[in-house]
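The data block below is protein-v6.txt; it holds compact mmCIF, C-alpha atoms.
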# COMPACT_ATOMS: atom_id res chain seq x y z
CA MET U 1 -77.73 -44.88 -76.29
CA LYS U 2 -77.57 -43.02 -72.97
CA ARG U 3 -77.98 -46.13 -70.85
CA THR U 4 -75.49 -48.05 -72.97
CA LEU U 5 -72.99 -45.22 -72.50
CA LEU U 6 -73.63 -45.28 -68.74
CA LEU U 7 -72.96 -49.01 -68.51
CA THR U 8 -69.85 -48.67 -70.68
CA CYS U 9 -68.44 -45.88 -68.50
CA VAL U 10 -69.13 -47.87 -65.33
CA LEU U 11 -67.46 -50.94 -66.85
CA ILE U 12 -64.35 -48.92 -67.76
CA ALA U 13 -64.32 -47.31 -64.30
CA GLY U 14 -64.25 -50.75 -62.71
CA LEU U 15 -61.45 -51.80 -65.03
CA VAL U 16 -59.41 -48.71 -64.11
CA PHE U 17 -59.92 -49.31 -60.39
CA SER U 18 -58.87 -52.96 -60.83
CA GLN U 19 -55.44 -51.68 -61.87
CA ILE U 20 -55.16 -48.70 -59.50
CA ILE U 21 -56.03 -50.49 -56.26
CA PRO U 22 -53.15 -53.05 -56.38
CA LEU U 23 -50.69 -50.24 -57.15
CA MET U 24 -51.84 -48.27 -54.10
CA SER U 25 -52.47 -51.02 -51.57
CA GLY U 26 -50.81 -54.16 -52.91
CA ALA U 27 -52.51 -57.53 -53.08
CA LEU U 28 -56.07 -57.56 -51.79
CA PRO U 29 -56.86 -59.78 -48.79
CA PRO U 30 -58.50 -63.09 -49.77
CA SER U 31 -61.66 -62.12 -47.85
CA ILE U 32 -62.11 -58.98 -49.98
CA VAL U 33 -61.51 -60.94 -53.18
CA PHE U 34 -64.12 -63.51 -52.11
CA ILE U 35 -66.71 -60.82 -51.32
CA ARG U 36 -66.11 -59.17 -54.70
CA GLN U 37 -66.47 -62.49 -56.51
CA PHE U 38 -69.58 -63.42 -54.55
CA LEU U 39 -71.31 -60.11 -55.27
CA THR U 40 -70.43 -60.35 -58.96
CA LEU U 41 -71.90 -63.85 -59.19
CA ALA U 42 -75.02 -62.90 -57.20
CA LEU U 43 -75.76 -59.95 -59.49
CA LEU U 44 -75.10 -62.15 -62.53
CA ALA U 45 -77.59 -64.66 -61.11
CA PHE U 46 -80.17 -61.86 -60.74
CA ILE U 47 -79.70 -60.83 -64.38
CA MET U 48 -79.91 -64.41 -65.61
CA ILE U 49 -83.08 -65.12 -63.61
CA GLU U 50 -84.68 -62.11 -65.29
CA VAL U 51 -83.46 -63.31 -68.69
CA GLY U 52 -84.98 -66.72 -67.99
CA ARG U 53 -88.29 -65.10 -66.99
CA GLU U 54 -88.49 -63.34 -70.36
CA PHE U 55 -87.39 -66.39 -72.32
CA ASP U 56 -90.05 -68.22 -74.32
CA ILE U 57 -89.17 -71.83 -75.02
CA ASP U 58 -91.00 -73.76 -77.72
CA LEU U 59 -91.04 -77.21 -76.17
CA THR U 60 -92.29 -78.72 -79.45
CA ASN U 61 -89.40 -77.37 -81.55
CA LYS U 62 -86.47 -79.32 -80.17
CA LYS U 63 -84.77 -79.54 -83.57
CA GLN U 64 -84.28 -75.77 -83.77
CA TYR U 65 -82.58 -75.67 -80.38
CA ALA U 66 -80.18 -78.35 -81.62
CA VAL U 67 -79.33 -76.04 -84.54
CA ASP U 68 -78.89 -73.10 -82.15
CA TYR U 69 -76.57 -75.14 -79.97
CA GLY U 70 -74.50 -76.08 -83.02
CA VAL U 71 -74.18 -72.42 -84.01
CA ALA U 72 -73.26 -71.46 -80.44
CA ALA U 73 -70.68 -74.24 -80.37
CA THR U 74 -68.91 -72.65 -83.34
CA ALA U 75 -68.97 -69.29 -81.52
CA ALA U 76 -67.30 -70.94 -78.53
CA ALA U 77 -64.88 -73.22 -80.39
CA PHE U 78 -63.51 -71.11 -83.24
CA PRO U 79 -62.17 -68.21 -81.12
CA TRP U 80 -60.48 -70.78 -78.88
CA ILE U 81 -58.96 -72.62 -81.87
CA PHE U 82 -57.79 -69.42 -83.55
CA VAL U 83 -56.23 -67.92 -80.42
CA THR U 84 -54.60 -71.19 -79.34
CA GLY U 85 -53.10 -71.57 -82.80
CA TYR U 86 -51.78 -68.01 -82.56
CA PHE U 87 -50.24 -68.71 -79.15
CA LEU U 88 -48.58 -71.88 -80.40
CA HIS U 89 -47.17 -70.22 -83.51
CA PHE U 90 -46.05 -66.84 -82.15
CA LEU U 91 -45.86 -66.84 -78.33
CA MET U 92 -45.22 -70.37 -77.10
CA PRO U 93 -42.03 -70.88 -75.06
CA GLU U 94 -39.98 -74.01 -75.57
CA THR U 95 -40.46 -75.08 -71.96
CA SER U 96 -43.02 -74.25 -69.29
CA SER U 97 -42.51 -73.33 -65.64
CA THR U 98 -44.96 -76.04 -64.51
CA GLY U 99 -43.27 -78.98 -66.26
CA ARG U 100 -46.33 -79.60 -68.45
CA ALA U 101 -46.19 -79.56 -72.22
CA PRO U 102 -46.49 -75.92 -73.43
CA TRP U 103 -49.27 -76.82 -75.87
CA MET U 104 -51.41 -78.04 -72.96
CA GLU U 105 -51.04 -74.69 -71.22
CA ALA U 106 -51.87 -72.82 -74.44
CA LEU U 107 -55.05 -74.87 -74.85
CA LEU U 108 -56.29 -73.83 -71.42
CA ALA U 109 -55.19 -70.19 -71.52
CA GLY U 110 -56.59 -69.76 -75.05
CA ARG U 111 -60.02 -70.75 -73.77
CA PHE U 112 -60.42 -67.21 -72.35
CA ALA U 113 -61.39 -66.09 -75.87
CA ALA U 114 -64.34 -68.48 -76.12
CA PRO U 115 -67.12 -67.31 -73.78
CA THR U 116 -69.46 -64.42 -74.50
CA SER U 117 -70.32 -62.59 -71.28
CA ALA U 118 -74.07 -63.18 -71.03
CA GLY U 119 -74.60 -60.75 -68.15
CA VAL U 120 -72.73 -57.91 -69.86
CA LEU U 121 -74.36 -58.64 -73.22
CA PHE U 122 -77.98 -58.80 -72.01
CA SER U 123 -77.68 -55.66 -69.87
CA MET U 124 -76.13 -53.69 -72.74
CA LEU U 125 -78.56 -54.84 -75.44
CA ALA U 126 -81.61 -54.19 -73.27
CA ALA U 127 -80.27 -50.77 -72.28
CA ALA U 128 -79.83 -49.98 -75.99
CA GLY U 129 -83.54 -50.62 -76.56
CA LEU U 130 -83.10 -53.82 -78.58
CA ALA U 131 -85.00 -56.25 -76.34
CA GLY U 132 -87.89 -56.56 -78.81
CA THR U 133 -85.81 -57.52 -81.84
CA TRP U 134 -85.28 -60.92 -83.42
CA ALA U 135 -81.52 -60.38 -83.12
CA TYR U 136 -81.71 -59.88 -79.35
CA LYS U 137 -83.82 -62.97 -78.82
CA LYS U 138 -81.61 -65.09 -81.03
CA THR U 139 -78.46 -63.74 -79.40
CA ARG U 140 -79.93 -64.54 -76.00
CA ILE U 141 -80.12 -68.28 -76.60
CA LEU U 142 -76.80 -68.39 -78.51
CA ALA U 143 -74.97 -66.64 -75.66
CA ILE U 144 -76.40 -69.03 -73.09
CA PHE U 145 -75.47 -72.08 -75.17
CA ASP U 146 -72.06 -70.48 -75.82
CA ASP U 147 -71.30 -70.29 -72.10
CA LEU U 148 -72.70 -73.77 -71.51
CA ASP U 149 -70.36 -75.13 -74.18
CA THR U 150 -67.45 -73.24 -72.59
CA VAL U 151 -68.10 -74.86 -69.22
CA LEU U 152 -68.33 -78.32 -70.78
CA LEU U 153 -65.10 -77.93 -72.75
CA MET U 154 -63.27 -76.66 -69.67
CA ILE U 155 -63.72 -80.09 -68.10
CA PRO U 156 -61.42 -82.08 -70.45
CA LEU U 157 -58.91 -79.21 -70.34
CA GLN U 158 -58.81 -79.36 -66.56
CA ILE U 159 -58.44 -83.13 -66.75
CA LEU U 160 -55.29 -82.49 -68.82
CA MET U 161 -53.99 -80.33 -65.98
CA VAL U 162 -54.88 -82.40 -62.90
CA GLY U 163 -56.01 -85.80 -64.15
CA LEU U 164 -59.39 -87.48 -63.82
CA VAL U 165 -61.07 -86.36 -60.57
CA TRP U 166 -64.63 -87.03 -59.43
CA GLN U 167 -65.49 -83.33 -59.06
CA LEU U 168 -65.29 -82.75 -62.81
CA GLY U 169 -67.61 -85.65 -63.51
CA GLY U 170 -69.94 -84.29 -60.84
CA VAL U 171 -70.19 -81.00 -62.73
CA VAL U 172 -71.44 -82.80 -65.85
CA VAL U 173 -74.00 -84.82 -63.85
CA ALA U 174 -75.24 -81.69 -62.07
CA MET U 175 -75.64 -79.78 -65.34
CA VAL U 176 -77.62 -82.60 -66.95
CA MET U 177 -79.90 -82.85 -63.92
CA MET U 178 -80.51 -79.09 -63.91
CA LEU U 179 -81.39 -79.10 -67.61
CA LEU U 180 -83.87 -81.94 -67.11
CA LEU U 181 -85.48 -80.21 -64.12
CA GLY U 182 -85.65 -76.92 -66.00
CA TRP U 183 -87.38 -78.64 -68.91
CA LYS U 184 -89.84 -80.46 -66.63
CA TYR U 185 -90.84 -77.45 -64.53
CA TYR U 186 -90.79 -74.81 -67.27
CA GLY U 187 -93.29 -72.06 -66.38
CA LYS U 188 -94.70 -73.93 -63.37
CA LEU U 189 -93.21 -72.18 -60.31
CA ASN U 190 -95.65 -69.60 -58.95
CA TRP U 191 -93.06 -67.75 -56.87
CA PRO U 192 -92.97 -64.00 -56.16
CA THR U 193 -91.01 -62.21 -58.89
CA THR U 194 -90.59 -58.63 -57.68
CA TRP U 195 -86.96 -57.51 -57.59
CA PRO U 196 -86.31 -58.03 -53.83
CA TRP U 197 -87.46 -61.64 -54.14
CA VAL U 198 -85.43 -62.26 -57.29
CA LEU U 199 -82.36 -60.76 -55.61
CA MET U 200 -82.93 -63.05 -52.63
CA TYR U 201 -83.12 -66.09 -54.94
CA ALA U 202 -79.92 -64.97 -56.65
CA VAL U 203 -78.01 -64.55 -53.40
CA ALA U 204 -79.27 -67.89 -52.07
CA MET U 205 -78.31 -69.76 -55.25
CA THR U 206 -74.86 -68.19 -55.26
CA ALA U 207 -74.35 -69.07 -51.60
CA VAL U 208 -75.35 -72.71 -52.19
CA SER U 209 -73.00 -72.90 -55.21
CA GLU U 210 -70.07 -71.53 -53.21
CA ILE U 211 -70.76 -73.82 -50.23
CA ILE U 212 -70.84 -76.90 -52.48
CA TYR U 213 -67.58 -75.78 -54.08
CA ALA U 214 -65.89 -75.17 -50.72
CA PHE U 215 -66.83 -78.57 -49.28
CA SER U 216 -66.00 -80.52 -52.45
CA LYS U 217 -62.67 -78.83 -53.22
CA SER U 218 -59.76 -81.23 -53.20
CA PRO U 219 -56.70 -80.03 -51.24
CA ASP U 220 -54.44 -81.92 -53.65
CA SER U 221 -55.76 -80.86 -57.07
CA GLY U 222 -57.51 -77.65 -56.00
CA VAL U 223 -60.55 -78.73 -58.07
CA GLY U 224 -64.04 -78.53 -56.62
CA LEU U 225 -67.57 -79.22 -57.78
CA HIS U 226 -68.14 -75.72 -59.10
CA ILE U 227 -71.56 -75.15 -60.69
CA GLU U 228 -71.42 -71.98 -62.79
CA ILE U 229 -74.30 -69.80 -61.58
CA LEU U 230 -75.35 -68.79 -65.10
CA LEU U 231 -77.14 -72.05 -65.92
CA PRO U 232 -79.13 -72.68 -62.70
CA ALA U 233 -80.15 -69.01 -62.49
CA PHE U 234 -81.37 -68.99 -66.07
CA LEU U 235 -83.28 -72.25 -65.59
CA LEU U 236 -84.91 -70.93 -62.41
CA GLY U 237 -86.13 -67.90 -64.35
CA CYS U 238 -87.52 -70.20 -67.06
CA ALA U 239 -89.34 -72.28 -64.43
CA MET U 240 -91.05 -69.25 -62.87
CA LYS U 241 -94.48 -68.26 -64.12
CA LYS U 242 -94.62 -65.06 -66.11
CA HIS U 243 -96.94 -62.51 -64.48
CA PRO U 244 -98.27 -60.13 -67.17
CA ALA U 245 -98.64 -57.23 -64.75
CA GLU U 246 -94.93 -57.14 -64.00
CA ASN U 247 -92.45 -55.05 -65.94
CA VAL U 248 -89.22 -56.14 -67.59
CA THR U 249 -86.43 -55.53 -65.13
CA VAL U 250 -83.98 -53.78 -67.48
CA PRO U 251 -85.73 -51.03 -69.50
CA GLY U 252 -85.33 -50.22 -73.15
CA GLU U 253 -83.79 -47.06 -74.55
CA ASP U 254 -87.04 -45.55 -75.79
CA GLU U 255 -89.24 -46.06 -72.72
CA PRO U 256 -90.46 -42.72 -71.32
CA GLY U 257 -90.01 -43.51 -67.64
CA LEU U 258 -88.77 -46.07 -65.18
CA SER U 259 -90.91 -48.03 -62.78
CA GLY U 260 -89.56 -49.14 -59.42
CA GLU U 261 -88.77 -52.58 -60.85
CA GLU U 262 -86.92 -51.04 -63.79
CA LYS U 263 -84.91 -48.69 -61.59
CA ALA U 264 -83.84 -51.63 -59.44
CA GLY U 265 -82.90 -53.64 -62.53
CA LEU U 266 -80.86 -50.79 -63.99
CA THR U 267 -79.11 -50.21 -60.66
CA ILE U 268 -78.18 -53.88 -60.44
CA SER U 269 -76.90 -53.84 -64.03
CA VAL U 270 -74.73 -50.81 -63.22
CA ALA U 271 -73.32 -52.49 -60.12
CA PHE U 272 -72.67 -55.70 -62.06
CA MET U 273 -70.79 -53.83 -64.80
CA PHE U 274 -68.56 -52.12 -62.25
CA LEU U 275 -67.79 -55.42 -60.51
CA VAL U 276 -66.98 -57.13 -63.83
CA GLY U 277 -64.42 -54.42 -64.56
CA LEU U 278 -63.14 -54.59 -61.00
CA SER U 279 -62.67 -58.36 -61.32
CA MET U 280 -59.98 -58.01 -63.99
CA PRO U 281 -56.64 -59.31 -62.66
CA ALA U 282 -53.95 -56.70 -62.03
CA LEU U 283 -51.38 -56.29 -64.77
CA PHE U 284 -49.00 -54.12 -62.73
CA GLY U 285 -47.87 -53.75 -59.14
CA ALA U 286 -47.62 -56.19 -56.26
CA ASP U 287 -50.66 -58.21 -57.33
CA ALA U 288 -49.73 -58.26 -61.01
CA THR U 289 -49.73 -61.14 -63.42
CA MET U 290 -46.46 -61.92 -65.16
CA THR U 291 -45.11 -59.34 -67.60
CA ALA U 292 -44.87 -60.24 -71.22
CA GLY U 293 -41.14 -59.54 -71.49
CA MET U 294 -41.42 -57.80 -74.89
CA SER U 295 -41.42 -54.24 -76.18
CA GLY U 296 -44.57 -52.14 -75.94
CA TRP U 297 -45.12 -52.08 -79.70
CA VAL U 298 -44.72 -55.83 -80.09
CA LEU U 299 -47.03 -56.47 -77.14
CA THR U 300 -49.62 -54.08 -78.60
CA LEU U 301 -49.54 -55.83 -81.98
CA HIS U 302 -50.02 -59.23 -80.36
CA VAL U 303 -52.94 -57.94 -78.27
CA LEU U 304 -54.63 -56.41 -81.32
CA ALA U 305 -54.09 -59.57 -83.37
CA VAL U 306 -55.51 -61.85 -80.67
CA THR U 307 -58.49 -59.53 -80.17
CA VAL U 308 -59.27 -59.45 -83.89
CA ILE U 309 -58.97 -63.18 -84.52
CA SER U 310 -60.94 -64.10 -81.40
CA ASN U 311 -63.81 -61.86 -82.52
CA LEU U 312 -63.62 -63.21 -86.07
CA GLY U 313 -64.24 -66.60 -84.53
CA LYS U 314 -67.59 -65.31 -83.26
CA MET U 315 -68.71 -64.36 -86.76
CA PHE U 316 -69.83 -67.77 -88.05
CA ALA U 317 -73.44 -67.14 -86.99
CA VAL U 318 -73.70 -64.84 -90.01
CA PHE U 319 -73.77 -67.90 -92.28
CA PHE U 320 -76.88 -69.35 -90.59
CA TYR U 321 -80.57 -68.32 -90.31
CA LYS U 322 -80.64 -67.07 -93.92
CA LYS U 323 -84.34 -67.96 -94.31
CA GLU U 324 -85.47 -66.00 -91.28
CA ALA U 325 -83.27 -62.93 -91.05
CA SER U 326 -81.51 -60.39 -93.23
CA LEU U 327 -77.74 -60.16 -93.57
CA ARG U 328 -77.76 -57.08 -91.31
CA GLU U 329 -79.59 -58.95 -88.57
CA ARG U 330 -77.30 -61.97 -88.83
CA LEU U 331 -74.27 -59.71 -88.76
CA ALA U 332 -75.71 -57.95 -85.70
CA VAL U 333 -76.12 -61.31 -83.93
CA SER U 334 -72.50 -62.20 -84.66
CA ILE U 335 -71.14 -58.87 -83.38
CA ALA U 336 -73.41 -59.07 -80.34
CA LEU U 337 -71.48 -62.18 -79.30
CA PHE U 338 -68.20 -60.21 -79.08
CA PRO U 339 -68.48 -58.94 -75.45
CA ARG U 340 -66.34 -60.85 -72.97
CA GLY U 341 -66.21 -60.43 -69.23
CA GLU U 342 -66.38 -62.39 -66.02
CA VAL U 343 -66.37 -65.87 -67.62
CA GLY U 344 -63.26 -65.20 -69.70
CA ALA U 345 -61.54 -63.65 -66.68
CA GLY U 346 -62.48 -66.77 -64.73
CA VAL U 347 -60.76 -68.98 -67.32
CA LEU U 348 -57.58 -66.92 -67.02
CA ALA U 349 -57.78 -67.06 -63.23
CA ILE U 350 -57.99 -70.86 -63.45
CA SER U 351 -54.93 -70.82 -65.74
CA LEU U 352 -52.96 -68.79 -63.20
CA GLY U 353 -54.11 -71.16 -60.47
CA TYR U 354 -52.35 -73.98 -62.29
CA GLY U 355 -49.15 -71.93 -62.37
CA ILE U 356 -49.29 -71.19 -66.10
CA ALA U 357 -47.01 -68.31 -67.05
CA GLY U 358 -45.55 -66.75 -70.16
CA PRO U 359 -46.09 -63.93 -72.63
CA PHE U 360 -49.26 -65.49 -74.05
CA VAL U 361 -50.99 -65.12 -70.67
CA SER U 362 -50.20 -61.40 -70.53
CA VAL U 363 -51.43 -60.99 -74.09
CA ALA U 364 -54.63 -62.83 -73.15
CA PHE U 365 -55.25 -60.54 -70.16
CA LEU U 366 -54.69 -57.38 -72.18
CA SER U 367 -56.87 -58.65 -75.02
CA LEU U 368 -59.68 -59.37 -72.58
CA ALA U 369 -59.30 -55.87 -71.11
CA LEU U 370 -59.39 -54.30 -74.58
CA ASN U 371 -62.51 -56.27 -75.45
CA LEU U 372 -64.17 -55.00 -72.28
CA VAL U 373 -63.36 -51.41 -73.19
CA LEU U 374 -64.78 -51.93 -76.70
CA THR U 375 -68.07 -53.43 -75.47
CA GLY U 376 -70.01 -50.18 -75.82
CA GLY U 377 -68.73 -49.81 -79.38
CA PHE U 378 -69.88 -53.32 -80.26
CA ILE U 379 -73.37 -52.58 -78.97
CA PHE U 380 -73.42 -49.28 -80.88
CA VAL U 381 -72.62 -51.12 -84.12
CA VAL U 382 -75.33 -53.70 -83.38
CA LYS U 383 -77.89 -50.95 -82.80
CA ARG U 384 -76.92 -49.16 -86.02
CA LEU U 385 -77.23 -52.39 -88.01
CA LEU U 386 -80.65 -53.16 -86.58
CA THR U 387 -81.95 -49.60 -86.79
CA ALA U 388 -81.11 -49.54 -90.50
CA SER U 389 -82.78 -52.90 -91.09
CA PRO U 390 -86.34 -52.76 -92.55
CA GLU U 391 -86.85 -56.35 -91.43
CA THR U 392 -86.16 -55.34 -87.82
CA ALA U 393 -88.67 -52.53 -87.98
CA GLN U 394 -91.33 -54.91 -89.33
CA THR U 395 -90.55 -57.42 -86.57
CA GLU U 396 -90.92 -54.79 -83.86
CA LYS U 397 -94.23 -53.56 -85.30
CA ALA U 398 -95.52 -57.11 -85.33
CA GLY U 399 -94.71 -57.51 -81.64
CA GLY U 400 -91.17 -58.75 -81.81
CA ALA U 401 -92.12 -62.42 -82.21
CA TYR U 402 -89.29 -64.88 -81.66
CA ALA U 403 -88.71 -66.33 -85.08
CA HIS U 404 -86.42 -69.30 -85.49
Serialized structure, structure tokens:
Amino acid sequence: MKRTLLLTCVLIAGLVFSQIIPLMSGALPPSIVFIRQFLTLALLAFIMIEVGREFDIDLTNKKQYAVDYGVAATAAAFPWIFVTGYFLHFLMPETSSTGRAPWMEALLAGRFAAPTSAGVLFSMLAAAGLAGTWAYKKTRILAIFDDLDTVLLMIPLQILMVGLVWQLGGVVVAMVMMLLLGWKYYGKLNWPTTWPWVLMYAVAMTAVSEIIYAFSKSPDSGVGLHIEILLPAFLLGCAMKKHPAENVTVPGEDEPGLSGEEKAGLTISVAFMFLVGLSMPALFGADATMTAGMSGWVLTLHVLAVTVISNLGKMFAVFFYKKEASLRERLAVSIALFPRGEVGAGVLAISLGYGIAGPFVSVAFLSLALNLVLTGGFIFVVKRLLTASPETAQTEKAGGAYAH
């Protein structure tokens, strides 16, 4: 677990710096914030292109992907429902500072608990040496569908905040078009796939996404046509031809050495983890979010409760795939969906952008931070479950086939 420990330490270091920097220097200039966000998205795009390159899609088995999407939808919906219910019951103020109904604000802020961080998850699982397991391959598609569902459900929530604007409809149209193109050109693009080229694709895609957002952003509502980089990057990787001579970018735990491609992939994963931690909003100082206005013990109990119930909401995958996997493997898949990161932080940033305030927002930020710190522990539990599973060992000996 050396590489997993490295990524965990880097993630925590970024989280610590995200709180120290505002205390020392105050609010960061918008240009620095933009550069940090751009680099984070570009590295996420790199990771997702590589994930797409390794992803084998059975174009004849559409029914199974419908099942997978249904399972992923529960993993995205239940944490949101549980946390929103908790906010409404325990932390909801009678009135809001924005003039909107408090329940509307809780619906949006509670959405932070829904998305699994695909970039964090894939880097950690691969670093733990689990890339050849059924659980990894199943988690991979569930996490991608989980984030896709999160993006889709953010649209009606934003409509509640700002009304019906064309940019939100444009996001849906763009996502549908990308999915159709990805399906049509699956495995057909004979582009170079060494790490400098993939990094160039990632940077270019991120730049195009940000340019579209900047030019489509409404000065009145503040909403733009923002295409989350995760989906187009993943689909580009799927569309690229797999070259057998090339190595997997992020190495496994048990590999004896690192090739140049693997070293580059690990370096990018380390940088991404640091930036994810660094992207956490400040809780103290000049650039801080609102304080919770409650005692430390009460705040701690709320944070622990929200963290527990949000992760319980990710556990419903354990009730599926009974014919193809053991209980240990299904439990490992469920726990593997626990890691949160840049997507959840983005939801909270959107909430703050709408002027949402209150103790539930502070609890949400602290819960997200706690979940980030616990990421390495989640991956350790997943590895222990899979290492102790005879079915996993048989799968790896057979070549790690992707069984639905």
Taking 2 positions as the minimum chain separation for residues in the same chain, which residues sit within 12 Å of U:Ala77 when counting only C-alpha atoms? Answer as a PDB file with C-alpha atoms, keeping the file's coordinate frame.
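Everything below was put into around_37.pdb:
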ATOM      1  CA  TYR U  69     -76.570 -75.140 -79.970  1.00  0.00           C
ATOM      2  CA  GLY U  70     -74.500 -76.080 -83.020  1.00  0.00           C
ATOM      3  CA  VAL U  71     -74.180 -72.420 -84.010  1.00  0.00           C
ATOM      4  CA  ALA U  72     -73.260 -71.460 -80.440  1.00  0.00           C
ATOM      5  CA  ALA U  73     -70.680 -74.240 -80.370  1.00  0.00           C
ATOM      6  CA  THR U  74     -68.910 -72.650 -83.340  1.00  0.00           C
ATOM      7  CA  ALA U  75     -68.970 -69.290 -81.520  1.00  0.00           C
ATOM      8  CA  PRO U  79     -62.170 -68.210 -81.120  1.00  0.00           C
ATOM      9  CA  TRP U  80     -60.480 -70.780 -78.880  1.00  0.00           C
ATOM     10  CA  ILE U  81     -58.960 -72.620 -81.870  1.00  0.00           C
ATOM     11  CA  PHE U  82     -57.790 -69.420 -83.550  1.00  0.00           C
ATOM     12  CA  VAL U  83     -56.230 -67.920 -80.420  1.00  0.00           C
ATOM     13  CA  THR U  84     -54.600 -71.190 -79.340  1.00  0.00           C
ATOM     14  CA  LEU U 107     -55.050 -74.870 -74.850  1.00  0.00           C
ATOM     15  CA  GLY U 110     -56.590 -69.760 -75.050  1.00  0.00           C
ATOM     16  CA  ARG U 111     -60.020 -70.750 -73.770  1.00  0.00           C
ATOM     17  CA  PHE U 112     -60.420 -67.210 -72.350  1.00  0.00           C
ATOM     18  CA  ALA U 113     -61.390 -66.090 -75.870  1.00  0.00           C
ATOM     19  CA  ALA U 114     -64.340 -68.480 -76.120  1.00  0.00           C
ATOM     20  CA  PRO U 115     -67.120 -67.310 -73.780  1.00  0.00           C
ATOM     21  CA  THR U 116     -69.460 -64.420 -74.500  1.00  0.00           C
ATOM     22  CA  PHE U 145     -75.470 -72.080 -75.170  1.00  0.00           C
ATOM     23  CA  ASP U 146     -72.060 -70.480 -75.820  1.00  0.00           C
ATOM     24  CA  ASP U 147     -71.300 -70.290 -72.100  1.00  0.00           C
ATOM     25  CA  LEU U 148     -72.700 -73.770 -71.510  1.00  0.00           C
ATOM     26  CA  ASP U 149     -70.360 -75.130 -74.180  1.00  0.00           C
ATOM     27  CA  THR U 150     -67.450 -73.240 -72.590  1.00  0.00           C
ATOM     28  CA  VAL U 151     -68.100 -74.860 -69.220  1.00  0.00           C
ATOM     29  CA  LEU U 152     -68.330 -78.320 -70.780  1.00  0.00           C
ATOM     30  CA  LEU U 153     -65.100 -77.930 -72.750  1.00  0.00           C
ATOM     31  CA  MET U 154     -63.270 -76.660 -69.670  1.00  0.00           C
ATOM     32  CA  SER U 310     -60.940 -64.100 -81.400  1.00  0.00           C
ATOM     33  CA  ASN U 311     -63.810 -61.860 -82.520  1.00  0.00           C
ATOM     34  CA  LEU U 312     -63.620 -63.210 -86.070  1.00  0.00           C
ATOM     35  CA  GLY U 313     -64.240 -66.600 -84.530  1.00  0.00           C
ATOM     36  CA  LYS U 314     -67.590 -65.310 -83.260  1.00  0.00           C
ATOM     37  CA  MET U 315     -68.710 -64.360 -86.760  1.00  0.00           C
ATOM     38  CA  PHE U 316     -69.830 -67.770 -88.050  1.00  0.00           C
TER      39      PHE U 316
END
- [ ] Have a look at U:Cys238, U:Leu130, U:Ala317, U:Ala264 and name the one nearest to U:Leu179; count all atoms listed in the file.
- [x]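 Closest to U:Leu179, using all atoms listed in the file: U:Cys238.
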Notebook entry, point to check: Which residues, protein or nucleic acid, reach to within 9 Å of (-51.5, -62.9, -73.0) in the file's coordinates when using all atoms listed in the file, and can you give that as JSON, numbers by chain?
Noted result: {"U": [87, 91, 109, 110, 292, 299, 302, 303, 306, 358, 359, 360, 361, 362, 363, 364, 365, 366, 367, 368]}
Point to revise | Top pick for closest residue to U:Ala325, considering U:Ala349, U:Thr133, U:Phe234, U:Phe78 and counting all atoms listed in the file | key: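 Checking each candidate against U:Ala325, we get U:Thr133 as the closest.
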Nearest to U:Gly99: which of U:Ala174, U:Ile356, U:Gln19, U:Phe378 is it, counting all atoms listed in the file?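 So, comparing all the options, the nearest one is U:Ile356.
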Give me the residues within 12 Å of U:Thr267 as a CSV table (one decimal) with C-alpha atoms, keeping the file's coordinate frame, counting only C-alpha atoms and dropping any in the same chain fewer than 3 places off.
chain,number,residue,atom,x,y,z
U,3,ARG,CA,-78.0,-46.1,-70.8
U,6,LEU,CA,-73.6,-45.3,-68.7
U,7,LEU,CA,-73.0,-49.0,-68.5
U,10,VAL,CA,-69.1,-47.9,-65.3
U,43,LEU,CA,-75.8,-60.0,-59.5
U,46,PHE,CA,-80.2,-61.9,-60.7
U,47,ILE,CA,-79.7,-60.8,-64.4
U,123,SER,CA,-77.7,-55.7,-69.9
U,127,ALA,CA,-80.3,-50.8,-72.3
U,195,TRP,CA,-87.0,-57.5,-57.6
U,249,THR,CA,-86.4,-55.5,-65.1
U,250,VAL,CA,-84.0,-53.8,-67.5
U,251,PRO,CA,-85.7,-51.0,-69.5
U,258,LEU,CA,-88.8,-46.1,-65.2
U,260,GLY,CA,-89.6,-49.1,-59.4
U,261,GLU,CA,-88.8,-52.6,-60.8
U,262,GLU,CA,-86.9,-51.0,-63.8
U,263,LYS,CA,-84.9,-48.7,-61.6
U,264,ALA,CA,-83.8,-51.6,-59.4
U,270,VAL,CA,-74.7,-50.8,-63.2
U,271,ALA,CA,-73.3,-52.5,-60.1
U,272,PHE,CA,-72.7,-55.7,-62.1
U,273,MET,CA,-70.8,-53.8,-64.8
U,274,PHE,CA,-68.6,-52.1,-62.2
* **Residue contacts of U:Arg36 (12 Å, all atoms listed in the file) excluding same-chain residues fewer than 4 positions away, as a ChimeraX atom specification** => /U:14,18,28-32,40-43,271-272,274-280,342
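Atom CA of U:Ile379 to atom CA of U:Leu125 spans 6.7 Å [interatomic distance, one decimal].
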Can you measure atom CA of U:Ser221 to atom CA of U:Gly170 for me? One decimal in Å is fine.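 Between atom CA of U:Ser221 and atom CA of U:Gly170 the gap is 15.1 Å.
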*Atom pair atom CA of U:Leu168 / atom CA of U:Pro156: separation (Å)*: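 Calculated distance between atom CA of U:Leu168 and atom CA of U:Pro156 is 8.6 Å.
Minimum distance to U:Leu372 across U:Ala27, U:Ile229, U:Met175, U:Ala345 (counting all atoms listed in the file) occurs at U:Ala345.
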Exercise. Can you list, as a ChimeraX atom specification, every protein, DNA or RNA residue that comes within 7 Å of U:Ile12 when you count all atoms listed in the file, leaving out same-chain residues fewer than 3 positions away?
Worked result: /U:8-9,15-16,277,373
